[in-house]
file upload02.cif (mmCIF, C-alpha atoms and all ligand atoms)
data_structure
#
loop_
_atom_site.label_atom_id
_atom_site.label_comp_id
_atom_site.auth_asym_id
_atom_site.auth_seq_id
_atom_site.Cartn_x
_atom_site.Cartn_y
_atom_site.Cartn_z
CA MET Y 271 21.42 186.78 97.52
CA SER Y 272 22.82 184.91 94.51
CA ASN Y 273 20.36 186.87 92.35
CA ALA Y 274 21.88 190.30 92.06
CA LEU Y 275 21.98 193.34 89.85
CA ILE Y 276 25.24 195.29 89.91
CA ILE Y 277 24.54 198.84 88.78
CA ASN Y 278 26.68 201.89 87.95
CA ILE Y 279 29.62 199.87 86.66
CA GLY Y 280 32.16 202.36 85.27
CA LYS Y 281 34.08 199.70 83.37
CA LEU Y 282 33.01 196.11 82.81
CA VAL Y 283 36.25 194.36 81.91
CA ASN Y 284 36.91 191.37 79.67
CA VAL Y 285 33.40 191.01 78.26
CA ARG Y 286 33.37 188.16 75.74
CA ASN Y 287 30.82 186.00 73.97
CA GLU Y 288 33.61 183.80 72.70
CA TYR Y 289 36.75 183.37 74.71
CA PRO Y 290 39.57 181.68 72.80
CA LEU Y 291 42.98 181.02 74.39
CA LEU Y 292 44.85 184.28 73.79
CA LYS Y 293 48.18 184.07 72.01
CA GLY Y 294 50.59 186.74 70.78
CA GLU Y 295 48.91 190.01 69.73
CA ALA Y 296 45.43 188.86 70.78
CA LEU Y 297 46.58 189.10 74.40
CA ALA Y 298 46.57 192.91 74.18
CA VAL Y 299 42.88 193.07 73.20
CA LEU Y 300 40.74 193.52 76.31
CA PRO Y 301 37.06 194.20 75.60
CA VAL Y 302 35.50 196.74 77.99
CA LEU Y 303 31.95 198.14 78.30
CA GLU Y 304 31.37 201.46 80.06
CA ASN Y 305 28.51 202.68 82.24
CA VAL Y 306 26.63 199.39 82.42
CA TRP Y 307 24.79 197.00 84.73
CA LEU Y 308 25.39 193.27 85.18
CA ARG Y 309 22.74 190.73 86.17
CA VAL Y 310 23.56 187.63 88.22
CA THR Y 311 21.02 184.80 88.46
CA GLY Y 312 21.58 181.68 90.53
CA GLY Y 313 25.20 182.64 91.07
CA ARG Y 314 25.98 182.99 87.36
CA ILE Y 315 26.29 185.90 84.96
CA ALA Y 316 22.90 186.28 83.28
CA GLY Y 317 23.04 189.50 81.30
CA MET Y 318 24.31 193.06 81.00
CA GLY Y 319 23.19 196.35 79.52
CA SER Y 320 23.55 200.12 79.44
CA MET Y 321 22.77 202.14 82.59
CA GLN Y 322 20.57 204.30 80.37
CA GLN Y 323 18.00 201.56 80.72
CA TRP Y 324 17.80 199.28 83.72
CA GLU Y 325 15.23 197.65 85.91
CA ALA Y 326 15.62 195.35 88.90
CA ALA Y 327 13.72 192.07 88.93
CA PRO Y 328 11.65 191.17 92.02
CA GLY Y 329 13.79 189.89 94.89
CA GLU Y 330 17.00 190.95 93.19
CA ASN Y 331 19.73 192.36 95.41
CA ILE Y 332 20.95 195.69 94.01
CA ILE Y 333 24.66 196.33 94.40
CA ASP Y 334 25.88 199.82 93.53
CA ALA Y 335 29.39 199.70 92.01
CA LYS Y 336 29.48 203.52 92.30
CA GLY Y 337 31.44 203.93 89.07
CA GLY Y 338 34.02 201.26 89.91
CA ALA Y 339 35.27 198.59 87.54
CA VAL Y 340 34.00 195.01 87.54
CA LEU Y 341 36.50 192.37 86.47
CA PRO Y 342 36.42 188.59 86.31
CA GLY Y 343 38.25 187.42 89.47
CA TRP Y 344 41.85 186.23 89.20
CA CYS Y 345 42.47 182.70 87.92
CA ASP Y 346 45.55 181.56 89.83
CA SER Y 347 46.67 178.41 88.03
CA HIS Y 348 49.82 177.60 90.07
CA THR Y 349 49.98 177.48 93.87
CA HIS Y 350 51.31 175.37 96.73
CA ILE Y 351 49.02 176.67 99.51
CA VAL Y 352 49.01 173.45 101.55
CA PHE Y 353 52.11 173.61 103.73
CA ALA Y 354 52.96 173.07 107.39
CA ALA Y 355 55.25 175.97 108.19
CA THR Y 356 56.54 179.25 106.82
CA ARG Y 357 60.28 179.59 106.10
CA GLU Y 358 61.22 183.13 107.01
CA ASP Y 359 64.41 181.85 108.70
CA GLU Y 360 65.69 180.84 105.23
CA PHE Y 361 64.62 184.25 103.95
CA VAL Y 362 66.87 185.90 106.52
CA ASP Y 363 69.72 183.48 105.72
CA LYS Y 364 69.43 184.54 102.07
CA ILE Y 365 69.49 188.21 103.04
CA LYS Y 366 72.71 187.48 104.95
CA GLY Y 367 74.19 186.01 101.76
CA LEU Y 368 73.78 182.25 102.08
CA SER Y 369 73.39 180.47 98.75
CA TYR Y 370 70.63 178.06 97.78
CA ALA Y 371 73.11 175.17 98.20
CA GLU Y 372 74.18 176.37 101.66
CA ILE Y 373 70.57 176.67 102.76
CA ALA Y 374 69.84 173.18 101.42
CA ALA Y 375 72.89 171.86 103.32
CA LYS Y 376 71.44 173.35 106.53
CA GLY Y 377 68.33 171.28 105.88
CA GLY Y 378 66.40 174.08 104.17
CA GLY Y 379 64.35 174.17 100.99
CA ILE Y 380 61.61 171.83 99.80
CA VAL Y 381 62.83 168.95 102.00
CA ASN Y 382 62.54 171.27 105.02
CA SER Y 383 58.86 171.80 104.15
CA ALA Y 384 58.50 168.03 103.68
CA ARG Y 385 59.95 167.30 107.13
CA ARG Y 386 57.53 169.73 108.73
CA LEU Y 387 54.55 168.48 106.73
CA ARG Y 388 55.16 164.89 107.75
CA GLN Y 389 54.77 165.95 111.41
CA THR Y 390 51.51 167.80 110.76
CA THR Y 391 48.04 166.27 110.77
CA GLU Y 392 45.58 166.40 107.90
CA GLU Y 393 43.29 168.51 110.07
CA GLU Y 394 46.00 171.09 110.86
CA LEU Y 395 47.03 171.28 107.22
CA PHE Y 396 43.44 171.80 106.15
CA GLU Y 397 42.89 174.57 108.72
CA SER Y 398 45.93 176.61 107.69
CA ALA Y 399 45.30 176.15 103.96
CA TRP Y 400 41.64 177.12 104.50
CA GLN Y 401 42.75 180.40 106.12
CA ARG Y 402 45.09 181.09 103.19
CA LEU Y 403 42.36 180.32 100.67
CA HIS Y 404 39.99 182.75 102.39
CA LYS Y 405 42.57 185.50 102.34
CA LEU Y 406 43.20 184.89 98.63
CA ILE Y 407 39.48 185.16 97.86
CA GLN Y 408 39.49 188.51 99.67
CA GLN Y 409 42.31 189.56 97.35
CA GLY Y 410 40.19 188.68 94.31
CA THR Y 411 41.17 185.10 93.46
CA ALA Y 412 38.20 183.41 91.75
CA ALA Y 413 39.66 179.98 90.93
CA ILE Y 414 42.82 178.24 92.05
CA GLU Y 415 45.08 175.28 91.35
CA ILE Y 416 46.80 173.66 94.35
CA LYS Y 417 49.74 171.24 94.24
CA SER Y 418 50.97 168.49 96.52
CA GLY Y 419 54.75 167.99 96.68
CA TYR Y 420 55.69 168.61 100.31
CA GLY Y 421 54.93 165.03 101.35
CA LEU Y 422 57.38 163.03 99.24
CA THR Y 423 56.27 159.69 100.73
CA VAL Y 424 53.26 157.66 99.61
CA ALA Y 425 51.37 158.39 102.82
CA ASP Y 426 52.24 162.08 102.98
CA GLU Y 427 51.51 162.84 99.32
CA LEU Y 428 48.12 161.14 99.82
CA LYS Y 429 47.62 163.19 102.99
CA MET Y 430 48.29 166.43 101.09
CA LEU Y 431 46.00 165.47 98.23
CA ARG Y 432 43.22 164.56 100.66
CA VAL Y 433 43.59 168.04 102.17
CA ILE Y 434 43.29 169.50 98.66
CA ARG Y 435 40.21 167.32 98.05
CA ARG Y 436 38.60 168.75 101.19
CA LEU Y 437 39.45 172.26 100.06
CA LYS Y 438 37.88 171.43 96.71
CA GLN Y 439 34.70 170.11 98.34
CA GLN Y 440 34.30 173.02 100.74
CA SER Y 441 35.77 175.91 98.74
CA PRO Y 442 33.40 178.57 97.44
CA ILE Y 443 35.64 178.94 94.35
CA PRO Y 444 36.71 176.22 91.87
CA VAL Y 445 39.83 174.29 92.91
CA LYS Y 446 42.02 172.01 90.76
CA ALA Y 447 44.42 169.48 92.32
CA THR Y 448 47.87 168.67 91.00
CA PHE Y 449 50.06 165.75 92.09
CA LEU Y 450 53.66 166.99 92.44
CA GLY Y 451 55.35 163.96 94.00
CA ALA Y 452 58.36 164.80 91.83
CA HIS Y 453 59.01 168.11 93.57
CA ALA Y 454 62.32 167.10 95.20
CA VAL Y 455 64.15 163.89 95.99
CA PRO Y 456 63.43 163.09 99.66
CA GLU Y 457 66.30 162.43 102.08
CA GLU Y 458 65.57 158.67 102.07
CA TYR Y 459 66.29 158.54 98.30
CA LYS Y 460 69.30 160.85 98.22
CA GLY Y 461 71.52 159.78 95.30
CA ASN Y 462 68.78 157.50 93.95
CA THR Y 463 66.45 159.77 91.98
CA ASP Y 464 65.44 156.92 89.66
CA GLY Y 465 64.42 154.85 92.68
CA TYR Y 466 62.19 157.70 93.84
CA VAL Y 467 60.74 158.05 90.32
CA ASP Y 468 59.89 154.33 90.49
CA LEU Y 469 58.10 154.91 93.80
CA ILE Y 470 56.08 157.74 92.24
CA ILE Y 471 55.09 155.64 89.24
CA GLN Y 472 54.56 152.28 90.92
CA GLU Y 473 53.03 153.29 94.24
CA MET Y 474 51.96 156.92 94.46
CA LEU Y 475 50.20 157.25 91.12
CA PRO Y 476 48.04 154.11 91.35
CA ALA Y 477 46.95 155.06 94.90
CA ILE Y 478 46.13 158.63 93.83
CA ALA Y 479 44.24 157.43 90.77
CA ALA Y 480 42.25 154.91 92.85
CA GLU Y 481 40.97 157.74 95.06
CA GLN Y 482 40.72 160.20 92.14
CA LEU Y 483 42.71 162.70 94.14
CA ALA Y 484 44.36 164.65 91.31
CA ASP Y 485 43.48 166.45 88.10
CA TYR Y 486 47.06 167.05 86.91
CA ILE Y 487 50.59 165.71 87.22
CA ASP Y 488 53.57 168.01 87.79
CA VAL Y 489 57.37 167.57 87.95
CA PHE Y 490 60.07 170.05 89.01
CA CYS Y 491 62.22 169.61 85.88
CA GLU Y 492 65.51 171.14 86.99
CA ASN Y 493 69.22 170.39 87.47
CA GLY Y 494 69.62 168.62 90.79
CA PHE Y 495 65.92 167.71 90.88
CA PHE Y 496 64.42 165.77 87.93
CA SER Y 497 65.85 165.53 84.40
CA ALA Y 498 63.79 165.98 81.24
CA ALA Y 499 63.90 162.20 80.73
CA GLN Y 500 62.63 161.57 84.27
CA THR Y 501 59.99 164.27 83.77
CA ILE Y 502 58.75 162.46 80.67
CA ARG Y 503 58.66 159.12 82.51
CA VAL Y 504 56.60 160.52 85.39
CA CYS Y 505 54.23 162.45 83.13
CA GLU Y 506 53.64 159.56 80.75
CA ALA Y 507 52.69 157.42 83.74
CA GLY Y 508 50.40 160.23 84.94
CA ILE Y 509 48.77 160.50 81.50
CA LYS Y 510 48.00 156.75 81.65
CA HIS Y 511 46.09 157.50 84.85
CA GLY Y 512 44.22 160.37 83.18
CA LEU Y 513 46.34 163.20 84.59
CA LEU Y 514 47.50 165.85 82.11
CA PRO Y 515 50.88 167.47 82.82
CA LYS Y 516 51.51 170.96 84.17
CA ILE Y 517 55.28 171.23 84.59
CA HIS Y 518 57.75 173.35 86.57
CA ALA Y 519 60.10 174.17 83.68
CA ASN Y 520 63.17 176.35 83.04
CA GLN Y 521 63.17 178.11 86.41
CA LEU Y 522 66.88 177.97 87.25
CA SER Y 523 68.35 176.51 84.04
CA LEU Y 524 67.65 175.42 80.47
CA SER Y 525 66.34 172.14 81.80
CA GLY Y 526 64.60 170.88 78.67
CA GLY Y 527 61.36 171.17 80.62
CA VAL Y 528 59.64 173.32 78.01
CA GLN Y 529 60.42 170.87 75.21
CA ALA Y 530 59.39 167.93 77.40
CA GLY Y 531 56.11 169.67 78.26
CA VAL Y 532 55.25 170.47 74.66
CA GLN Y 533 56.13 166.92 73.58
CA LEU Y 534 53.81 165.58 76.30
CA GLY Y 535 50.95 167.91 75.33
CA ALA Y 536 51.14 169.60 78.74
CA VAL Y 537 48.38 172.04 79.67
CA SER Y 538 51.08 174.44 80.82
CA VAL Y 539 54.79 174.85 81.43
CA ASP Y 540 55.36 177.14 84.38
CA HIS Y 541 58.11 179.52 85.62
CA LEU Y 542 60.20 180.10 82.41
CA GLU Y 543 62.75 182.45 84.01
CA THR Y 544 65.51 180.83 81.93
CA MET Y 545 64.58 180.65 78.25
CA ASP Y 546 66.48 180.47 74.95
CA ASP Y 547 65.21 180.81 71.37
CA ALA Y 548 64.74 177.07 70.98
CA ALA Y 549 62.49 176.86 74.06
CA ILE Y 550 60.52 179.97 73.02
CA GLN Y 551 59.98 178.68 69.47
CA THR Y 552 58.95 175.24 70.71
CA LEU Y 553 56.39 176.78 73.03
CA ALA Y 554 55.12 179.17 70.34
CA GLY Y 555 54.42 176.26 68.03
CA SER Y 556 52.15 174.55 70.58
CA ASN Y 557 48.93 174.93 72.53
CA THR Y 558 50.79 174.55 75.82
CA ILE Y 559 50.42 177.69 77.94
CA GLY Y 560 53.51 179.44 79.30
CA THR Y 561 52.62 180.35 82.89
CA LEU Y 562 54.79 183.14 84.24
CA LEU Y 563 55.38 183.43 87.99
CA PRO Y 564 56.94 186.88 88.48
CA SER Y 565 56.61 186.88 92.27
CA ALA Y 566 58.94 183.84 92.46
CA ALA Y 567 61.52 185.64 90.28
CA PHE Y 568 61.11 188.73 92.47
CA PHE Y 569 61.43 186.88 95.77
CA LEU Y 570 64.49 184.89 94.61
CA ARG Y 571 66.07 188.00 93.04
CA MET Y 572 66.23 186.35 89.61
CA ALA Y 573 65.83 187.80 86.14
CA PHE Y 574 62.13 188.06 85.31
CA GLN Y 575 60.49 185.90 82.66
CA PRO Y 576 60.97 187.16 79.06
CA ALA Y 577 57.30 187.98 78.57
CA ARG Y 578 57.84 190.29 75.57
CA GLN Y 579 59.78 187.67 73.59
CA LEU Y 580 57.21 185.01 74.46
CA ILE Y 581 54.31 187.20 73.36
CA SER Y 582 56.06 188.36 70.13
CA ALA Y 583 56.80 184.73 69.27
CA GLY Y 584 53.06 184.00 69.54
CA CYS Y 585 53.01 182.03 72.82
CA ALA Y 586 49.91 181.81 75.03
CA VAL Y 587 50.95 183.40 78.32
CA ALA Y 588 49.21 183.15 81.72
CA LEU Y 589 50.15 184.70 85.07
CA ALA Y 590 50.03 182.89 88.42
CA SER Y 591 51.27 183.47 91.97
CA ASP Y 592 53.23 180.27 92.79
CA TYR Y 593 52.17 180.93 96.42
CA ASN Y 594 54.52 178.70 98.50
CA PRO Y 595 56.65 179.11 101.63
CA GLY Y 596 60.02 178.95 99.83
CA SER Y 597 59.97 181.09 96.70
CA SER Y 598 56.75 183.12 96.77
CA PRO Y 599 55.19 183.58 100.20
CA SER Y 600 52.42 185.70 98.67
CA GLY Y 601 49.42 184.72 96.61
CA ASN Y 602 48.36 188.27 95.89
CA MET Y 603 47.45 188.29 92.19
CA ASN Y 604 47.01 192.08 92.19
CA LEU Y 605 50.71 192.32 92.89
CA VAL Y 606 51.50 189.64 90.27
CA VAL Y 607 49.65 191.70 87.65
CA ALA Y 608 51.49 194.87 88.69
CA MET Y 609 54.89 193.14 88.66
CA SER Y 610 54.28 191.72 85.21
CA CYS Y 611 53.69 195.24 83.88
CA ILE Y 612 56.49 196.90 85.84
CA GLN Y 613 59.20 194.27 85.48
CA MET Y 614 58.25 192.22 82.40
CA LYS Y 615 56.83 195.11 80.36
CA MET Y 616 53.49 193.46 79.81
CA LEU Y 617 50.79 195.93 78.82
CA PRO Y 618 48.02 196.27 81.43
CA GLU Y 619 45.58 194.67 78.96
CA GLU Y 620 47.95 191.73 78.42
CA ALA Y 621 48.44 191.23 82.14
CA LEU Y 622 44.69 191.34 82.87
CA ASN Y 623 43.99 188.77 80.15
CA ALA Y 624 46.88 186.56 81.29
CA ALA Y 625 45.63 186.60 84.90
CA THR Y 626 42.00 185.87 83.97
CA ILE Y 627 41.00 184.03 80.79
CA ASN Y 628 44.41 182.48 80.03
CA GLY Y 629 44.77 181.48 83.70
CA ALA Y 630 41.34 179.85 83.44
CA TYR Y 631 42.58 177.90 80.40
CA ALA Y 632 45.64 176.80 82.38
CA MET Y 633 43.19 175.03 84.75
CA GLN Y 634 40.78 173.95 81.99
CA LEU Y 635 38.17 176.14 83.70
CA GLU Y 636 37.63 178.46 80.73
CA HIS Y 637 33.92 177.58 80.58
CA GLU Y 638 33.45 178.59 84.25
CA VAL Y 639 35.60 181.63 84.95
CA GLY Y 640 38.05 184.10 83.39
CA SER Y 641 35.75 186.46 81.47
CA ILE Y 642 32.45 188.32 81.74
CA THR Y 643 30.36 185.88 79.76
CA VAL Y 644 26.72 184.89 80.21
CA GLY Y 645 26.61 181.49 81.92
CA LYS Y 646 29.95 181.75 83.72
CA LEU Y 647 30.23 181.91 87.52
CA ALA Y 648 29.71 185.36 89.03
CA ASN Y 649 33.14 185.33 90.73
CA LEU Y 650 33.99 188.99 90.33
CA ILE Y 651 36.11 191.86 91.55
CA ILE Y 652 34.48 195.27 92.10
CA THR Y 653 37.04 198.08 92.36
CA GLN Y 654 37.10 201.74 93.26
CA PRO Y 655 36.45 204.03 90.29
CA LEU Y 656 39.52 203.80 88.04
CA PRO Y 657 40.64 206.66 85.78
CA SER Y 658 41.91 203.96 83.40
CA LEU Y 659 42.66 200.24 83.55
CA ALA Y 660 46.38 201.04 83.62
CA TYR Y 661 45.71 202.62 87.04
CA LEU Y 662 45.37 199.09 88.52
CA PRO Y 663 48.96 197.86 87.95
CA TYR Y 664 50.28 201.43 88.24
CA SER Y 665 49.02 201.64 91.83
CA PHE Y 666 51.03 198.58 92.83
CA GLY Y 667 50.72 197.59 96.47
CA ASP Y 668 47.53 199.60 96.95
CA ASN Y 669 44.30 197.71 97.47
CA LEU Y 670 41.77 199.07 94.98
CA ILE Y 671 39.27 196.26 95.54
CA GLU Y 672 36.01 197.48 97.08
CA LYS Y 673 34.13 194.18 97.02
CA VAL Y 674 34.57 190.62 95.89
CA MET Y 675 31.65 188.56 94.61
CA VAL Y 676 31.68 184.76 94.80
CA GLY Y 677 28.87 182.83 93.14
CA GLY Y 678 26.75 185.97 93.17
CA ASN Y 679 27.28 186.67 96.88
CA ILE Y 680 29.34 189.51 98.29
CA TRP Y 681 32.32 188.02 100.09
CA ALA Y 682 32.67 189.42 103.59
O1 LIG C 701 57.50 176.72 92.33
N1 LIG C 701 60.35 175.45 91.98
C1 LIG C 701 59.96 174.56 92.72
N2 LIG C 701 59.00 174.65 93.62
C2 LIG C 701 58.54 175.86 94.20
C3 LIG C 701 59.38 176.25 95.36
C4 LIG C 701 59.08 175.39 96.47
C5 LIG C 701 59.78 175.68 97.77
O2 LIG C 701 60.88 176.26 97.83
O3 LIG C 701 59.17 175.26 98.73
C6 LIG C 701 58.37 176.92 93.17
O4 LIG C 701 59.04 177.95 93.13
FE FE C 702 55.68 176.19 91.96
#
call {"tool": "encode", "arguments": {"input": "upload02.cif", "output": "structure tokens", "more": "lines below"}}
Ligand code: NIG
Ligand code: FE
result
Amino acid sequence: MSNALIINIGKLVNVRNEYPLLKGEALAVLPVLENVWLRVTGGRIAGMGSMQQWEAAPGENIIDAKGGAVLPGWCDSHTHIVFAATREDEFVDKIKGLSYAEIAAKGGGIVNSARRLRQTTEEELFESAWQRLHKLIQQGTAAIEIKSGYGLTVADELKMLRVIRRLKQQSPIPVKATFLGAHAVPEEYKGNTDGYVDLIIQEMLPAIAAEQLADYIDVFCENGFFSAAQTIRVCEAGIKHGLLPKIHANQLSLSGGVQAGVQLGAVSVDHLETMDDAAIQTLAGSNTIGTLLPSAAFFLRMAFQPARQLISAGCAVALASDYNPGSSPSGNMNLVVAMSCIQMKMLPEEALNAATINGAYAMQLEHEVGSITVGKLANLIITQPLPSLAYLPYSFGDNLIEKVMVGGNIWA
């Protein structure tokens, strides 16, 4: 069935021959064709045309979009979907008023996830992540990045990355793997962050490189976690092993993570809840993508990312879910798009571009996904008929997806 003809498409969204990384004002330009068909051959987009003239080829599966919109599927460039256990007990503690520090003192947070992951087998981790991945595809995710960072020992980081490799091999959608050994300082290295950084550089990275387990290197650059100087050390070592940086930057404080990322030529700096003019200007003057994670800000009750200032300054902005058990236990990109419009005042067109083509760039998958372009994978969302594109984020929390297509096949 990977040869298909989708007919009666009310709106075909983000149709591009050329698909540059979108910065500043260009982010608000979303090319749409109305009343068209789309041809899929061998799982890839092969052509499109007006419904005034259409003809099915022999053996082609005809899919009637019944006036709905067809969009490129979501490109979620920042997730942590491999984890051993959910953390709703911490969620309730937070509701009752406990602070981040108090929860950490009770053994909560990232090190809690690490303790649980160390007791979980590779097989169990794969199974639960596989279920999550399937649910995300149902919600329209067409490509995904997945991080390690809940192992925090050589063996357990390798275990996580092997799970991600299996997901990559078996996943129907493209997967990118990121090594996030520098996610938190494990209990064994408490008070000795530099010692743990040495372990990452001297033992974890060479082992990961030998098995080619990662595409990117990441560091949680934050007060109480890793400094900008330590971030640079880890990333430079990663770069020597062929891993480009994607950094957790400026989530809780002005950590210097944005400047470090730009200096390192990072693919993206992610989070950006806490920004000042210097960080915004530095990012604007670079090709590093600012990846905004509004569901993490929402879940932690923090100020949302300053999307308007970033866009006015000329930054390239992407949207991602940050799906993880601690700060964003949802990977629903439909909700991320809605939140970015409602809370960060992104225009619907900006949000749709940021969650598709710019997200694809943030995984270096721009030649495969992120726009309706001949030759790209037919990983698509087919929606109910929409009165306008704004209706998508406006109807937050409602599921307007009728069908999802993966590699030309309807996802059941
Ligand atoms: O991206 N900020 C650091 N890491 C995750 C949270 C991880 C956790 O709490 O488990 C994030 O928000
Ligand atoms: Fe994250």
call {"tool": "residues_around", "arguments": {"input": "upload02.cif", "residues": "Y:Gly560", "least_positions_apart": "2", "cutoff": "12 Å", "atoms": "all atoms listed in the file", "output": "number ranges by chain"}}
result
Y: 291-294, 347-348, 516-520, 527-529, 531-532, 536-543, 545, 549-558, 562-563, 575-577, 579-581, 583-590, 624, 628-629, 631-632
call {"tool": "residues_around", "arguments": {"input": "upload02.cif", "residues": "Y:Leu406", "least_positions_apart": "2", "cutoff": "12 Å", "atoms": "only C-alpha atoms", "output": "PyMOL selection string"}}
result
chain Y and resi 343-346+349+351+399-404+408-414+441-443+591+593+600-604+674+681
call {"tool": "residues_near_ligand", "arguments": {"input": "upload02.cif", "ligand": "ligand LIG 701 (chain C)", "cutoff": "9 Å", "atoms": "all atoms listed in the file", "output": "PyMOL selection string"}}
result
chain Y and resi 348-350+353+357+378-384+419-420+453-454+489-492+518-519+521-522+540-541+563+566-567+570+592-598
call {"tool": "closest_residue", "arguments": {"input": "upload02.cif", "among": "Y:Ser610, Y:Asn493, Y:Ser565, Y:Asn273", "to": "ligand FE 702 (chain C)", "atoms": "all atoms listed in the file"}}
result
Y:Ser565
call {"tool": "residues_around", "arguments": {"input": "upload02.cif", "residues": "stretch 296-313 of chain Y", "least_positions_apart": "5", "cutoff": "7 Å", "atoms": "only C-alpha atoms", "output": "JSON list (two decimals) with C-alpha atoms, in the coordinates of the input"}}
result
[["chain", "number", "residue", "atom", "x", "y", "z"],
["Y", 272, "SER", "CA", 22.82, 184.91, 94.51],
["Y", 273, "ASN", "CA", 20.36, 186.87, 92.35],
["Y", 274, "ALA", "CA", 21.88, 190.30, 92.06],
["Y", 275, "LEU", "CA", 21.98, 193.34, 89.85],
["Y", 276, "ILE", "CA", 25.24, 195.29, 89.91],
["Y", 277, "ILE", "CA", 24.54, 198.84, 88.78],
["Y", 278, "ASN", "CA", 26.68, 201.89, 87.95],
["Y", 279, "ILE", "CA", 29.62, 199.87, 86.66],
["Y", 280, "GLY", "CA", 32.16, 202.36, 85.27],
["Y", 281, "LYS", "CA", 34.08, 199.70, 83.37],
["Y", 282, "LEU", "CA", 33.01, 196.11, 82.81],
["Y", 283, "VAL", "CA", 36.25, 194.36, 81.91],
["Y", 284, "ASN", "CA", 36.91, 191.37, 79.67],
["Y", 285, "VAL", "CA", 33.40, 191.01, 78.26],
["Y", 318, "MET", "CA", 24.31, 193.06, 81.00],
["Y", 319, "GLY", "CA", 23.19, 196.35, 79.52],
["Y", 320, "SER", "CA", 23.55, 200.12, 79.44],
["Y", 321, "MET", "CA", 22.77, 202.14, 82.59],
["Y", 617, "LEU", "CA", 50.79, 195.93, 78.82],
["Y", 619, "GLU", "CA", 45.58, 194.67, 78.96],
["Y", 620, "GLU", "CA", 47.95, 191.73, 78.42],
["Y", 623, "ASN", "CA", 43.99, 188.77, 80.15],
["Y", 647, "LEU", "CA", 30.23, 181.91, 87.52],
["Y", 648, "ALA", "CA", 29.71, 185.36, 89.03],
["Y", 677, "GLY", "CA", 28.87, 182.83, 93.14],
["Y", 678, "GLY", "CA", 26.75, 185.97, 93.17]]
call {"tool": "closest_residue", "arguments": {"input": "upload02.cif", "among": "Y:Ala452, Y:Ile407, Y:Ile373, Y:Val676", "to": "ligand FE 702 (chain C)", "atoms": "only C-alpha atoms and all ligand atoms"}}
result
Y:Ala452
call {"tool": "residues_near_point", "arguments": {"input": "upload02.cif", "point": "(52.0, 164.0, 88.8)", "cutoff": "8 Å", "atoms": "all atoms listed in the file", "output": "list in words"}}
result
Thr448, Phe449, Leu450, Gly451, Ala452, Leu475, Tyr486, Ile487, Asp488, Val489, Val504, Cys505, Gly508, Leu513 and Pro515 of chain Y
call {"tool": "atom_distance", "arguments": {"input": "upload02.cif", "atom1": "atom CA of Y:Phe574", "atom2": "atom CA of Y:Met614"}}
result
6.4 Å
call {"tool": "atom_distance", "arguments": {"input": "upload02.cif", "atom1": "atom CA of Y:Gln440", "atom2": "atom CA of Y:Asn649"}}
result
15.9 Å
call {"tool": "atom_distance", "arguments": {"input": "upload02.cif", "atom1": "atom CA of Y:Ala530", "atom2": "atom CA of Y:Glu481"}}
result
27.5 Å
call {"tool": "closest_residue", "arguments": {"input": "upload02.cif", "among": "Y:Tyr459, Y:Pro599, Y:Ala327, Y:Ala625", "to": "ligand FE 702 (chain C)", "atoms": "only C-alpha atoms and all ligand atoms"}}
result
Y:Pro599
call {"tool": "residues_near_point", "arguments": {"input": "upload02.cif", "point": "(31.8, 185.7, 69.8)", "cutoff": "12 Å", "atoms": "only C-alpha atoms", "output": "CSV table (one decimal) with C-alpha atoms, keeping the file's coordinate frame"}}
result
chain,number,residue,atom,x,y,z
Y,285,VAL,CA,33.4,191.0,78.3
Y,286,ARG,CA,33.4,188.2,75.7
Y,287,ASN,CA,30.8,186.0,74.0
Y,288,GLU,CA,33.6,183.8,72.7
Y,289,TYR,CA,36.8,183.4,74.7
Y,290,PRO,CA,39.6,181.7,72.8
Y,301,PRO,CA,37.1,194.2,75.6
Y,643,THR,CA,30.4,185.9,79.8
Y,644,VAL,CA,26.7,184.9,80.2
call {"tool": "closest_residue", "arguments": {"input": "upload02.cif", "among": "Y:Ser418, Y:Ser497, Y:Ser523, Y:Ser398", "to": "Y:Met474", "atoms": "all atoms listed in the file"}}
result
Y:Ser418
call {"tool": "closest_residue", "arguments": {"input": "upload02.cif", "among": "Y:Leu622, Y:Cys611, Y:Ile416, Y:Ile680", "to": "ligand FE 702 (chain C)", "atoms": "all atoms listed in the file"}}
result
Y:Ile416
